[in-house]
$ cat query14.pdb   # PDB, C-alpha atoms and all ligand atoms
ATOM      1  CA  MET A   1     136.492 110.345-117.328
ATOM      2  CA  SER A   2     133.674 110.055-114.783
ATOM      3  CA  ALA A   3     131.281 107.113-114.752
ATOM      4  CA  GLU A   4     128.572 109.520-115.876
ATOM      5  CA  ASP A   5     130.184 110.394-119.191
ATOM      6  CA  ALA A   6     131.880 107.050-119.890
ATOM      7  CA  HIS A   7     129.649 106.392-122.906
ATOM      8  CA  GLY A   8     128.210 109.836-123.489
ATOM      9  CA  CYS A   9     124.527 110.643-123.459
ATOM     10  CA  ALA A  10     121.676 108.253-124.283
ATOM     11  CA  LEU A  11     118.214 109.533-125.176
ATOM     12  CA  VAL A  12     115.530 106.943-124.376
ATOM     13  CA  THR A  13     111.924 107.530-125.435
ATOM     14  CA  GLY A  14     108.981 106.014-123.599
ATOM     15  CA  ALA A  15     111.074 105.815-120.437
ATOM     16  CA  ALA A  16     108.233 106.420-117.943
ATOM     17  CA  THR A  17     107.395 102.747-117.490
ATOM     18  CA  GLY A  18     107.958  99.162-118.571
ATOM     19  CA  ILE A  19     110.701  98.335-121.030
ATOM     20  CA  GLY A  20     111.731 101.964-121.561
ATOM     21  CA  ARG A  21     112.264 102.441-117.848
ATOM     22  CA  ALA A  22     114.378  99.258-117.684
ATOM     23  CA  ILE A  23     116.438 100.455-120.666
ATOM     24  CA  ALA A  24     117.008 103.894-119.126
ATOM     25  CA  LEU A  25     118.110 102.324-115.826
ATOM     26  CA  ALA A  26     120.384  99.781-117.522
ATOM     27  CA  LEU A  27     122.076 102.410-119.697
ATOM     28  CA  GLY A  28     122.587 104.549-116.593
ATOM     29  CA  ASP A  29     124.163 101.577-114.823
ATOM     30  CA  ALA A  30     126.387 101.021-117.881
ATOM     31  CA  GLY A  31     127.790 104.543-117.580
ATOM     32  CA  TYR A  32     125.636 106.656-119.891
ATOM     33  CA  THR A  33     124.145 109.973-118.938
ATOM     34  CA  VAL A  34     120.468 109.260-119.647
ATOM     35  CA  VAL A  35     117.808 111.631-120.905
ATOM     36  CA  ALA A  36     114.455 109.940-120.274
ATOM     37  CA  ALA A  37     111.674 111.209-122.534
ATOM     38  CA  ASP A  38     107.965 110.491-122.230
ATOM     39  CA  ARG A  39     104.606 112.237-122.151
ATOM     40  CA  ASP A  40     103.900 110.745-118.700
ATOM     41  CA  ARG A  41     105.457 113.174-116.219
ATOM     42  CA  GLU A  42     104.604 111.115-113.112
ATOM     43  CA  GLY A  43     106.043 107.952-114.595
ATOM     44  CA  LEU A  44     109.227 109.786-115.512
ATOM     45  CA  THR A  45     109.552 110.990-111.931
ATOM     46  CA  GLU A  46     109.374 107.357-110.772
ATOM     47  CA  THR A  47     111.993 106.310-113.325
ATOM     48  CA  VAL A  48     114.355 109.065-112.212
ATOM     49  CA  ALA A  49     113.776 108.114-108.554
ATOM     50  CA  ALA A  50     114.679 104.490-109.324
ATOM     51  CA  ALA A  51     117.952 105.479-110.997
ATOM     52  CA  VAL A  52     121.219 105.104-109.125
ATOM     53  CA  THR A  53     122.975 107.545-111.453
ATOM     54  CA  PRO A  54     121.645 111.029-112.332
ATOM     55  CA  MET A  55     118.911 110.874-114.960
ATOM     56  CA  HIS A  56     117.259 113.786-116.736
ATOM     57  CA  PRO A  57     113.524 113.693-117.529
ATOM     58  CA  VAL A  58     111.970 115.432-120.548
ATOM     59  CA  THR A  59     108.174 115.541-120.791
ATOM     60  CA  LEU A  60     106.875 115.730-124.358
ATOM     61  CA  ASP A  61     104.463 114.282-126.870
ATOM     62  CA  LEU A  62     106.235 112.345-129.609
ATOM     63  CA  ALA A  63     103.094 112.396-131.754
ATOM     64  CA  SER A  64     103.922 115.950-132.830
ATOM     65  CA  GLU A  65     106.825 117.382-134.812
ATOM     66  CA  THR A  66     107.509 119.931-132.083
ATOM     67  CA  GLY A  67     107.600 117.148-129.474
ATOM     68  CA  ILE A  68     110.089 115.133-131.524
ATOM     69  CA  MET A  69     112.345 118.145-132.038
ATOM     70  CA  ALA A  70     112.036 119.149-128.375
ATOM     71  CA  ALA A  71     113.154 115.680-127.251
ATOM     72  CA  PHE A  72     116.349 115.899-129.202
ATOM     73  CA  ASP A  73     117.077 119.588-128.677
ATOM     74  CA  SER A  74     116.559 119.335-124.951
ATOM     75  CA  ALA A  75     119.067 116.468-124.677
ATOM     76  CA  VAL A  76     121.613 118.268-126.856
ATOM     77  CA  GLY A  77     120.988 121.537-125.009
ATOM     78  CA  GLN A  78     121.779 119.926-121.673
ATOM     79  CA  PHE A  79     124.634 117.638-122.621
ATOM     80  CA  GLY A  80     126.089 118.936-125.848
ATOM     81  CA  GLU A  81     125.794 115.644-127.686
ATOM     82  CA  VAL A  82     123.613 112.549-127.795
ATOM     83  CA  THR A  83     125.711 109.471-128.586
ATOM     84  CA  CYS A  84     122.948 106.879-128.417
ATOM     85  CA  LEU A  85     119.260 107.056-129.293
ATOM     86  CA  VAL A  86     116.754 104.422-128.177
ATOM     87  CA  ASN A  87     113.403 104.637-129.967
ATOM     88  CA  ASN A  88     111.303 102.719-127.462
ATOM     89  CA  ALA A  89     108.036 104.672-127.107
ATOM     90  CA  GLY A  90     105.183 102.725-128.628
ATOM     91  CA  ILE A  91     101.442 102.330-128.691
ATOM     92  CA  ALA A  92      99.744  98.931-128.816
ATOM     93  CA  LEU A  93      96.364  98.685-130.529
ATOM     94  CA  PRO A  94      94.611  95.428-129.645
ATOM     95  CA  LYS A  95      91.714  95.583-132.115
ATOM     96  CA  PRO A  96      90.317  93.526-134.998
ATOM     97  CA  ALA A  97      91.476  94.948-138.346
ATOM     98  CA  THR A  98      87.869  95.503-139.429
ATOM     99  CA  GLU A  99      87.369  97.972-136.565
ATOM    100  CA  VAL A 100      90.508 100.073-137.030
ATOM    101  CA  THR A 101      89.792 103.759-137.729
ATOM    102  CA  TRP A 102      91.855 106.321-139.654
ATOM    103  CA  GLU A 103      92.566 107.981-136.312
ATOM    104  CA  ASP A 104      93.826 104.683-134.805
ATOM    105  CA  TRP A 105      96.145 104.164-137.769
ATOM    106  CA  ASP A 106      97.565 107.690-137.573
ATOM    107  CA  ALA A 107      98.032 107.563-133.788
ATOM    108  CA  VAL A 108      99.962 104.280-133.867
ATOM    109  CA  MET A 109     102.103 105.182-136.872
ATOM    110  CA  ALA A 110     102.903 108.652-135.482
ATOM    111  CA  VAL A 111     104.582 107.269-132.367
ATOM    112  CA  ASN A 112     105.748 103.782-133.385
ATOM    113  CA  LEU A 113     107.222 104.787-136.738
ATOM    114  CA  LYS A 114     107.231 108.478-137.638
ATOM    115  CA  ALA A 115     108.701 109.705-134.349
ATOM    116  CA  ALA A 116     111.387 107.010-134.506
ATOM    117  CA  PHE A 117     112.304 107.939-138.080
ATOM    118  CA  PHE A 118     112.518 111.688-137.538
ATOM    119  CA  LEU A 119     114.343 111.401-134.218
ATOM    120  CA  SER A 120     116.844 109.077-135.902
ATOM    121  CA  GLN A 121     117.185 111.513-138.798
ATOM    122  CA  ARG A 122     117.917 114.415-136.470
ATOM    123  CA  PHE A 123     120.341 112.340-134.412
ATOM    124  CA  ALA A 124     122.257 111.035-137.440
ATOM    125  CA  ALA A 125     122.393 114.420-139.182
ATOM    126  CA  ARG A 126     123.979 115.984-136.124
ATOM    127  CA  ARG A 127     126.464 113.161-135.537
ATOM    128  CA  MET A 128     127.444 113.008-139.217
ATOM    129  CA  GLY A 129     127.758 116.789-139.364
ATOM    130  CA  LYS A 130     130.406 116.544-136.658
ATOM    131  CA  GLY A 131     132.068 113.436-138.078
ATOM    132  CA  LEU A 132     131.135 111.470-134.955
ATOM    133  CA  PRO A 133     129.837 107.888-134.647
ATOM    134  CA  GLY A 134     126.587 106.985-132.963
ATOM    135  CA  ALA A 135     124.163 104.183-132.193
ATOM    136  CA  VAL A 136     120.432 103.986-132.768
ATOM    137  CA  ILE A 137     118.436 101.135-131.248
ATOM    138  CA  ASN A 138     114.829 100.692-132.303
ATOM    139  CA  ILE A 139     112.424  98.636-130.238
ATOM    140  CA  GLY A 140     110.475  96.429-132.611
ATOM    141  CA  SER A 141     108.362  93.426-131.693
ATOM    142  CA  THR A 142     107.880  89.801-132.652
ATOM    143  CA  HIS A 143     104.493  91.048-133.959
ATOM    144  CA  GLY A 144     106.551  92.730-136.690
ATOM    145  CA  ILE A 145     108.056  89.348-137.671
ATOM    146  CA  VAL A 146     105.191  86.837-137.455
ATOM    147  CA  GLY A 147     101.451  87.287-137.841
ATOM    148  CA  VAL A 148      99.011  87.453-134.942
ATOM    149  CA  SER A 149      95.294  88.260-134.773
ATOM    150  CA  ASP A 150      93.915  91.596-133.607
ATOM    151  CA  ARG A 151      97.255  93.447-133.676
ATOM    152  CA  SER A 152      97.391  94.416-137.362
ATOM    153  CA  VAL A 153      98.315  98.095-137.248
ATOM    154  CA  TYR A 154     100.725  97.585-134.372
ATOM    155  CA  GLY A 155     102.390  94.672-136.183
ATOM    156  CA  ILE A 156     102.596  96.629-139.434
ATOM    157  CA  SER A 157     104.268  99.533-137.612
ATOM    158  CA  LYS A 158     106.747  97.146-135.989
ATOM    159  CA  ALA A 159     107.541  95.395-139.279
ATOM    160  CA  ALA A 160     108.205  98.839-140.736
ATOM    161  CA  ILE A 161     110.546  99.855-137.937
ATOM    162  CA  LEU A 162     112.519  96.634-138.392
ATOM    163  CA  HIS A 163     112.963  97.409-142.071
ATOM    164  CA  MET A 164     113.695 101.063-141.284
ATOM    165  CA  THR A 165     116.526  99.665-139.135
ATOM    166  CA  ARG A 166     118.050  97.937-142.177
ATOM    167  CA  MET A 167     117.552 100.852-144.553
ATOM    168  CA  LEU A 168     119.131 103.421-142.238
ATOM    169  CA  ALA A 169     121.909 101.023-141.195
ATOM    170  CA  ILE A 170     123.057 100.721-144.798
ATOM    171  CA  GLU A 171     122.708 104.413-145.560
ATOM    172  CA  TRP A 172     124.644 105.514-142.485
ATOM    173  CA  ALA A 173     127.179 102.674-142.054
ATOM    174  CA  GLY A 174     129.974 104.593-143.772
ATOM    175  CA  ALA A 175     129.473 107.470-141.364
ATOM    176  CA  GLY A 176     129.814 105.224-138.317
ATOM    177  CA  ILE A 177     126.166 105.468-137.301
ATOM    178  CA  ARG A 178     125.016 101.972-136.355
ATOM    179  CA  VAL A 179     121.306 101.210-136.439
ATOM    180  CA  ASN A 180     119.989  98.058-134.785
ATOM    181  CA  ALA A 181     116.742  96.787-133.341
ATOM    182  CA  VAL A 182     115.561  94.630-130.479
ATOM    183  CA  ALA A 183     112.375  92.641-131.062
ATOM    184  CA  PRO A 184     110.862  91.442-127.786
ATOM    185  CA  GLY A 185     108.171  88.816-127.445
ATOM    186  CA  THR A 186     105.476  89.448-124.847
ATOM    187  CA  VAL A 187     106.947  91.157-121.779
ATOM    188  CA  MET A 188     104.694  91.628-118.752
ATOM    189  CA  THR A 189     104.922  95.392-118.438
ATOM    190  CA  PRO A 190     101.966  97.210-116.809
ATOM    191  CA  SER A 191     100.400  97.906-120.225
ATOM    192  CA  ARG A 192     100.626  94.232-121.256
ATOM    193  CA  GLU A 193      99.335  93.061-117.857
ATOM    194  CA  ALA A 194      96.213  95.083-118.655
ATOM    195  CA  ILE A 195      95.867  93.685-122.201
ATOM    196  CA  LEU A 196      96.403  90.114-120.929
ATOM    197  CA  GLU A 197      94.390  90.355-117.707
ATOM    198  CA  ASP A 198      92.184  87.466-118.841
ATOM    199  CA  PRO A 199      93.972  84.351-117.443
ATOM    200  CA  ASP A 200      93.089  82.303-120.554
ATOM    201  CA  ALA A 201      94.586  84.910-122.899
ATOM    202  CA  ARG A 202      97.688  85.037-120.723
ATOM    203  CA  ALA A 203      97.994  81.235-120.741
ATOM    204  CA  ARG A 204      97.697  81.219-124.549
ATOM    205  CA  ALA A 205     100.439  83.873-124.785
ATOM    206  CA  LEU A 206     102.678  81.821-122.503
ATOM    207  CA  ASP A 207     101.940  78.695-124.518
ATOM    208  CA  ARG A 208     103.485  80.326-127.606
ATOM    209  CA  ILE A 209     106.862  80.699-125.835
ATOM    210  CA  PRO A 210     109.045  77.547-126.102
ATOM    211  CA  SER A 211     111.186  78.578-123.118
ATOM    212  CA  GLY A 212     108.000  78.685-121.012
ATOM    213  CA  ARG A 213     108.424  82.145-119.515
ATOM    214  CA  PHE A 214     107.863  85.745-120.513
ATOM    215  CA  PRO A 215     111.063  87.706-121.197
ATOM    216  CA  THR A 216     111.656  90.432-118.615
ATOM    217  CA  PRO A 217     112.142  94.172-119.257
ATOM    218  CA  GLU A 218     115.673  93.787-117.878
ATOM    219  CA  GLU A 219     116.501  91.116-120.480
ATOM    220  CA  VAL A 220     115.344  93.438-123.261
ATOM    221  CA  ALA A 221     117.376  96.262-121.704
ATOM    222  CA  ALA A 222     120.504  94.078-121.626
ATOM    223  CA  ALA A 223     120.163  93.531-125.386
ATOM    224  CA  VAL A 224     119.953  97.312-125.873
ATOM    225  CA  VAL A 225     123.052  97.921-123.732
ATOM    226  CA  TYR A 226     124.973  95.392-125.831
ATOM    227  CA  LEU A 227     123.894  96.953-129.146
ATOM    228  CA  ALA A 228     124.678 100.451-127.876
ATOM    229  CA  GLY A 229     128.167  99.625-126.698
ATOM    230  CA  PRO A 230     131.606  99.077-128.205
ATOM    231  CA  SER A 231     131.290  95.263-128.148
ATOM    232  CA  ALA A 232     128.758  95.662-130.963
ATOM    233  CA  ARG A 233     130.888  97.980-133.094
ATOM    234  CA  SER A 234     130.645  95.617-136.083
ATOM    235  CA  VAL A 235     126.928  95.024-135.628
ATOM    236  CA  THR A 236     124.547  97.116-137.692
ATOM    237  CA  GLY A 237     121.214  96.481-139.386
ATOM    238  CA  HIS A 238     120.618  93.593-136.983
ATOM    239  CA  VAL A 239     117.390  92.591-135.254
ATOM    240  CA  LEU A 240     118.098  90.949-131.892
ATOM    241  CA  VAL A 241     115.023  88.879-131.026
ATOM    242  CA  VAL A 242     114.331  88.425-127.293
ATOM    243  CA  ASP A 243     111.367  86.042-127.299
ATOM    244  CA  GLY A 244     112.269  82.700-125.706
ATOM    245  CA  GLY A 245     112.154  81.053-129.134
ATOM    246  CA  THR A 246     108.634  82.074-130.215
ATOM    247  CA  THR A 247     109.608  83.166-133.722
ATOM    248  CA  VAL A 248     111.802  80.167-134.530
ATOM    249  CA  CYS A 249     109.042  77.562-134.250
TER     250      CYS A 249
HETATM  251  N1  LIG B 301     105.588  94.723-123.465
HETATM  252  C1  LIG B 301     105.603  93.917-124.514
HETATM  253  O1  LIG B 301     105.087  92.786-124.482
HETATM  254  C2  LIG B 301     106.285  94.339-125.783
HETATM  255  C3  LIG B 301     106.590  93.361-126.736
HETATM  256  C4  LIG B 301     107.225  93.744-127.903
HETATM  257  C5  LIG B 301     107.539  95.061-128.119
HETATM  258  N2  LIG B 301     107.222  95.990-127.169
HETATM  259  C6  LIG B 301     107.580  97.369-127.457
HETATM  260  O2  LIG B 301     108.463  97.842-126.464
HETATM  261  C7  LIG B 301     108.216  99.220-126.219
HETATM  262  C8  LIG B 301     107.883  99.438-124.766
HETATM  263  O3  LIG B 301     106.861  98.524-124.382
HETATM  264  P1  LIG B 301     106.100  98.661-122.975
HETATM  265  O4  LIG B 301     105.306  97.434-122.795
HETATM  266  O5  LIG B 301     107.056  99.093-121.926
HETATM  267  O6  LIG B 301     105.107  99.828-123.387
HETATM  268  P2  LIG B 301     104.182 100.759-122.492
HETATM  269  O7  LIG B 301     102.943 100.975-123.251
HETATM  270  O8  LIG B 301     104.057 100.175-121.141
HETATM  271  O9  LIG B 301     105.026 102.090-122.420
HETATM  272  C9  LIG B 301     105.212 102.890-123.557
HETATM  273  C10 LIG B 301     105.683 104.251-123.116
HETATM  274  O10 LIG B 301     105.673 105.096-124.265
HETATM  275  C11 LIG B 301     105.113 106.329-123.884
HETATM  276  N3  LIG B 301     104.484 106.994-125.015
HETATM  277  C12 LIG B 301     103.472 106.521-125.785
HETATM  278  N4  LIG B 301     103.088 107.466-126.660
HETATM  279  C13 LIG B 301     103.871 108.555-126.439
HETATM  280  C14 LIG B 301     103.933 109.855-127.017
HETATM  281  N5  LIG B 301     103.078 110.241-127.978
HETATM  282  N6  LIG B 301     104.864 110.720-126.559
HETATM  283  C15 LIG B 301     105.716 110.357-125.563
HETATM  284  N7  LIG B 301     105.683 109.158-124.957
HETATM  285  C16 LIG B 301     104.767 108.261-125.398
HETATM  286  C17 LIG B 301     104.053 105.976-122.831
HETATM  287  O11 LIG B 301     103.707 107.102-122.036
HETATM  288  C18 LIG B 301     104.758 104.879-122.061
HETATM  289  O12 LIG B 301     105.517 105.397-120.990
HETATM  290  C19 LIG B 301     107.090  99.631-127.167
HETATM  291  O13 LIG B 301     107.621 100.140-128.366
HETATM  292  C20 LIG B 301     106.395  98.305-127.420
HETATM  293  O14 LIG B 301     105.689  98.316-128.632
HETATM  294  C21 LIG B 301     106.605  95.655-126.022
END

$ encode --input "query14.pdb" --output "C-alpha cells" --more "lines below"
Ligand SMILES: NC(=O)c1ccc[n+]([C@@H]2O[C@H](COP(=O)([O-])OP(=O)(O)OC[C@H]3O[C@@H](n4cnc5c(N)ncnc54)[C@H](O)[C@@H]3O)[C@@H](O)[C@H]2O)c1
Amino acid sequence: MSAEDAHGCALVTGAATGIGRAIALALGDAGYTVVAADRDREGLTETVAAAVTPMHPVTLDLASETGIMAAFDSAVGQFGEVTCLVNNAGIALPKPATEVTWEDWDAVMAVNLKAAFFLSQRFAARRMGKGLPGAVINIGSTHGIVGVSDRSVYGISKAAILHMTRMLAIEWAGAGIRVNAVAPGTVMTPSREAILEDPDARARALDRIPSGRFPTPEEVAAAVVYLAGPSARSVTGHVLVVDGGTTVC
C-alpha cells in the first residue's frame, strides 16, 4: 500500500485557507489522499502548493445543492471512494442579533449546517450501501457551546452542528460510520485576524483563554487527524474542544 492510499481519501471543505488548509495538509501528511474543496480557487491553489503529498482541488459553492453534490461526486469520481469527510467550511457573522437579516440567516445556515448535513448524508449513504466504515468530522466552535455577544446566528449554527454530530453518530454507529466534532476556540486565521484587528478586542479574546494563547490551526488539525484515524475507532458522537480551557471556566 502506498503512503497516498494508506487511509483512503479525505474530502475537506473550506480548505482554501485557515483551519481547513491546516486540516488538508495534516491529513495528507498522515497518509490520506486529500480532495480540497472550496469556492476560493486561488486559495486552493496555495493549499495544493503547500502540500508535500498530491492534493486535488475542487472549486465549488457549498451554498447550493449542486455544489454540495459536485463536491462529493468529484471526489468519488477521481478516487472511487471517500473514507473520511471533514465539514470545515464556515461563515462567521459578527453582527448584533437585532441587525441580522433573513438573507444573513440563510447564508450562514446554508454553509455551516445544511451543506454539512447533506454532504454527510451522501457520504454515509454511499459507505453504508457498500458495507464500508467511514468517519465524519464536523468543525463546530466554542460559540456553539457557550454564549457570546454579536455572534448569534453563527453560534446557533455551530450548536446545531454539534448536536447533528450526536444525532448522526447514534443513527449510523451500527453501520460503522463514526461522526465526531472538533470545537475550536478563537484561532488566528486570516478571517479572524480581520474580525479581531482592533487590539482591544483581540486582548479581550485572549483574556478569555485560561492557557493564555490562541490555539493554532495545526492544533485543530491534529484533533481532526486523531478522530479520523483508527486510534479513535471507539470514539463517536464526541465533541473534542480545542480552546485552551475557555469553556471549562
Ligand atoms: N478561526 C476561528 O477562530 C474559529 C473558531 C471556531 C470555529 N471555527 C470554524 O472553523 C472553520 C474554519 O475556520 P477559519 O477561520 O479557517 O475560516 P475562514 O473563514 O478563514 O475559511 C473558511 C473557508 O470556507 C470557505 N467557504 C465559505 N463559504 C463557502 C461556500 N459557500 N462554498 C465553498 N467554500 C466556502 C471559504 O472560502 C474559506 O476558504 C469554520 O467552520 C469556522 O466556523 C473557526

$ residues_around --input "query14.pdb" --residues "range 17-31 of chain A" --least-positions-apart "3" --cutoff "8 Å" --atoms "only C-alpha atoms" --output "PyMOL selection string"
chain A and resi 3-8+10+12-14+34-36+43-44+47+50-55+88-89+189-191+217-218+220-222+224-225

$ write_last_selection --input "query14.pdb" --atoms "C-alpha atoms" --output "PDB file, in the frame of the given file"
ATOM      1  CA  ALA A   3     131.281 107.113-114.752  1.00  0.00           C
ATOM      2  CA  GLU A   4     128.572 109.520-115.876  1.00  0.00           C
ATOM      3  CA  ASP A   5     130.184 110.394-119.191  1.00  0.00           C
ATOM      4  CA  ALA A   6     131.880 107.050-119.890  1.00  0.00           C
ATOM      5  CA  HIS A   7     129.649 106.392-122.906  1.00  0.00           C
ATOM      6  CA  GLY A   8     128.210 109.836-123.489  1.00  0.00           C
ATOM      7  CA  ALA A  10     121.676 108.253-124.283  1.00  0.00           C
ATOM      8  CA  VAL A  12     115.530 106.943-124.376  1.00  0.00           C
ATOM      9  CA  THR A  13     111.924 107.530-125.435  1.00  0.00           C
ATOM     10  CA  GLY A  14     108.981 106.014-123.599  1.00  0.00           C
ATOM     11  CA  VAL A  34     120.468 109.260-119.647  1.00  0.00           C
ATOM     12  CA  VAL A  35     117.808 111.631-120.905  1.00  0.00           C
ATOM     13  CA  ALA A  36     114.455 109.940-120.274  1.00  0.00           C
ATOM     14  CA  GLY A  43     106.043 107.952-114.595  1.00  0.00           C
ATOM     15  CA  LEU A  44     109.227 109.786-115.512  1.00  0.00           C
ATOM     16  CA  THR A  47     111.993 106.310-113.325  1.00  0.00           C
ATOM     17  CA  ALA A  50     114.679 104.490-109.324  1.00  0.00           C
ATOM     18  CA  ALA A  51     117.952 105.479-110.997  1.00  0.00           C
ATOM     19  CA  VAL A  52     121.219 105.104-109.125  1.00  0.00           C
ATOM     20  CA  THR A  53     122.975 107.545-111.453  1.00  0.00           C
ATOM     21  CA  PRO A  54     121.645 111.029-112.332  1.00  0.00           C
ATOM     22  CA  MET A  55     118.911 110.874-114.960  1.00  0.00           C
ATOM     23  CA  ASN A  88     111.303 102.719-127.462  1.00  0.00           C
ATOM     24  CA  ALA A  89     108.036 104.672-127.107  1.00  0.00           C
ATOM     25  CA  THR A 189     104.922  95.392-118.438  1.00  0.00           C
ATOM     26  CA  PRO A 190     101.966  97.210-116.809  1.00  0.00           C
ATOM     27  CA  SER A 191     100.400  97.906-120.225  1.00  0.00           C
ATOM     28  CA  PRO A 217     112.142  94.172-119.257  1.00  0.00           C
ATOM     29  CA  GLU A 218     115.673  93.787-117.878  1.00  0.00           C
ATOM     30  CA  VAL A 220     115.344  93.438-123.261  1.00  0.00           C
ATOM     31  CA  ALA A 221     117.376  96.262-121.704  1.00  0.00           C
ATOM     32  CA  ALA A 222     120.504  94.078-121.626  1.00  0.00           C
ATOM     33  CA  VAL A 224     119.953  97.312-125.873  1.00  0.00           C
ATOM     34  CA  VAL A 225     123.052  97.921-123.732  1.00  0.00           C
TER      35      VAL A 225
END

$ closest_residue --input "query14.pdb" --among "A:Val242, A:Arg213, A:His56, A:Thr236" --to "Thr165 in chain A" --atoms "only C-alpha atoms"
A:Thr236

$ resolve_selection --input "query14.pdb" --expression "the PyMOL selection byres (((chain A and resi 62-79) around 6) and not hetatm)" --output "mmCIF file with C-alpha atoms, in the coordinates of the input"
data_model
loop_
_atom_site.group_PDB
_atom_site.id
_atom_site.type_symbol
_atom_site.label_atom_id
_atom_site.label_comp_id
_atom_site.auth_asym_id
_atom_site.auth_seq_id
_atom_site.Cartn_x
_atom_site.Cartn_y
_atom_site.Cartn_z
ATOM 1 C CA LEU A 60 106.875 115.730 -124.358
ATOM 2 C CA ASP A 61 104.463 114.282 -126.870
ATOM 3 C CA GLY A 80 126.089 118.936 -125.848
ATOM 4 C CA GLU A 81 125.794 115.644 -127.686
ATOM 5 C CA ALA A 110 102.903 108.652 -135.482
ATOM 6 C CA VAL A 111 104.582 107.269 -132.367
ATOM 7 C CA ALA A 115 108.701 109.705 -134.349
#

$ resolve_selection --input "query14.pdb" --expression "the PyMOL selection byres (((chain A and resi 215) around 12) and not hetatm)" --output "ChimeraX atom specification"
/A:19,183-189,205-206,209-214,216-223,241-246

$ atom_distance --input "query14.pdb" --atom1 "CA of Thr142 in chain A" --atom2 "CA of Val248 in chain A"
10.6 Å

$ closest_residue --input "query14.pdb" --among "A:Ala125, A:Val58, A:Ala135, A:Ala92" --to "ligand LIG 301 (chain B)" --atoms "all atoms listed in the file"
A:Ala92

$ closest_residue --input "query14.pdb" --among "A:Arg41, A:His238, A:Lys130, A:Lys95" --to "His163 in chain A" --atoms "only C-alpha atoms"
A:His238

$ axis_aligned_box --input "query14.pdb" --around "range 149-168 of chain A" --padding-each-side "8 Å" --output "lines of an AutoDock Vina configuration file"
center_x = 106.5
center_y = 95.8
center_z = -139.1
size_x = 41.2
size_y = 31.2
size_z = 26.9

$ closest_residue --input "query14.pdb" --among "A:Ile145, A:Val235, A:Val153, A:Ala49" --to "Thr98 in chain A" --atoms "all atoms listed in the file"
A:Val153

$ resolve_selection --input "query14.pdb" --expression "the PyMOL selection byres (((chain A and resi 109) around 12) and not hetatm)" --output "PyMOL selection string"
chain A and resi 62-64+89-93+102-108+110-117+152-161

$ closest_residue --input "query14.pdb" --among "A:Thr33, A:Gln121, A:Thr83, A:Ser231" --to "Val48 in chain A" --atoms "all atoms listed in the file"
A:Thr33

$ closest_residue --input "query14.pdb" --among "A:Ala169, A:Ala37, A:Leu85, A:Leu196" --to "ligand LIG 301 (chain B)" --atoms "only C-alpha atoms and all ligand atoms"
A:Ala37

$ atom_distance --input "query14.pdb" --atom1 "CA of Ser234 in chain A" --atom2 "atom O9 of ligand LIG 301 (chain B)"
29.7 Å

$ residues_around --input "query14.pdb" --residues "Ala173 in chain A" --least-positions-apart "3" --cutoff "12 Å" --atoms "only C-alpha atoms" --output "PyMOL selection string"
chain A and resi 124+128+132-136+165-170+176-180+233-237

$ atom_distance --input "query14.pdb" --atom1 "atom C21 of ligand LIG 301 (chain B)" --atom2 "CA of His143 in chain A"
9.4 Å
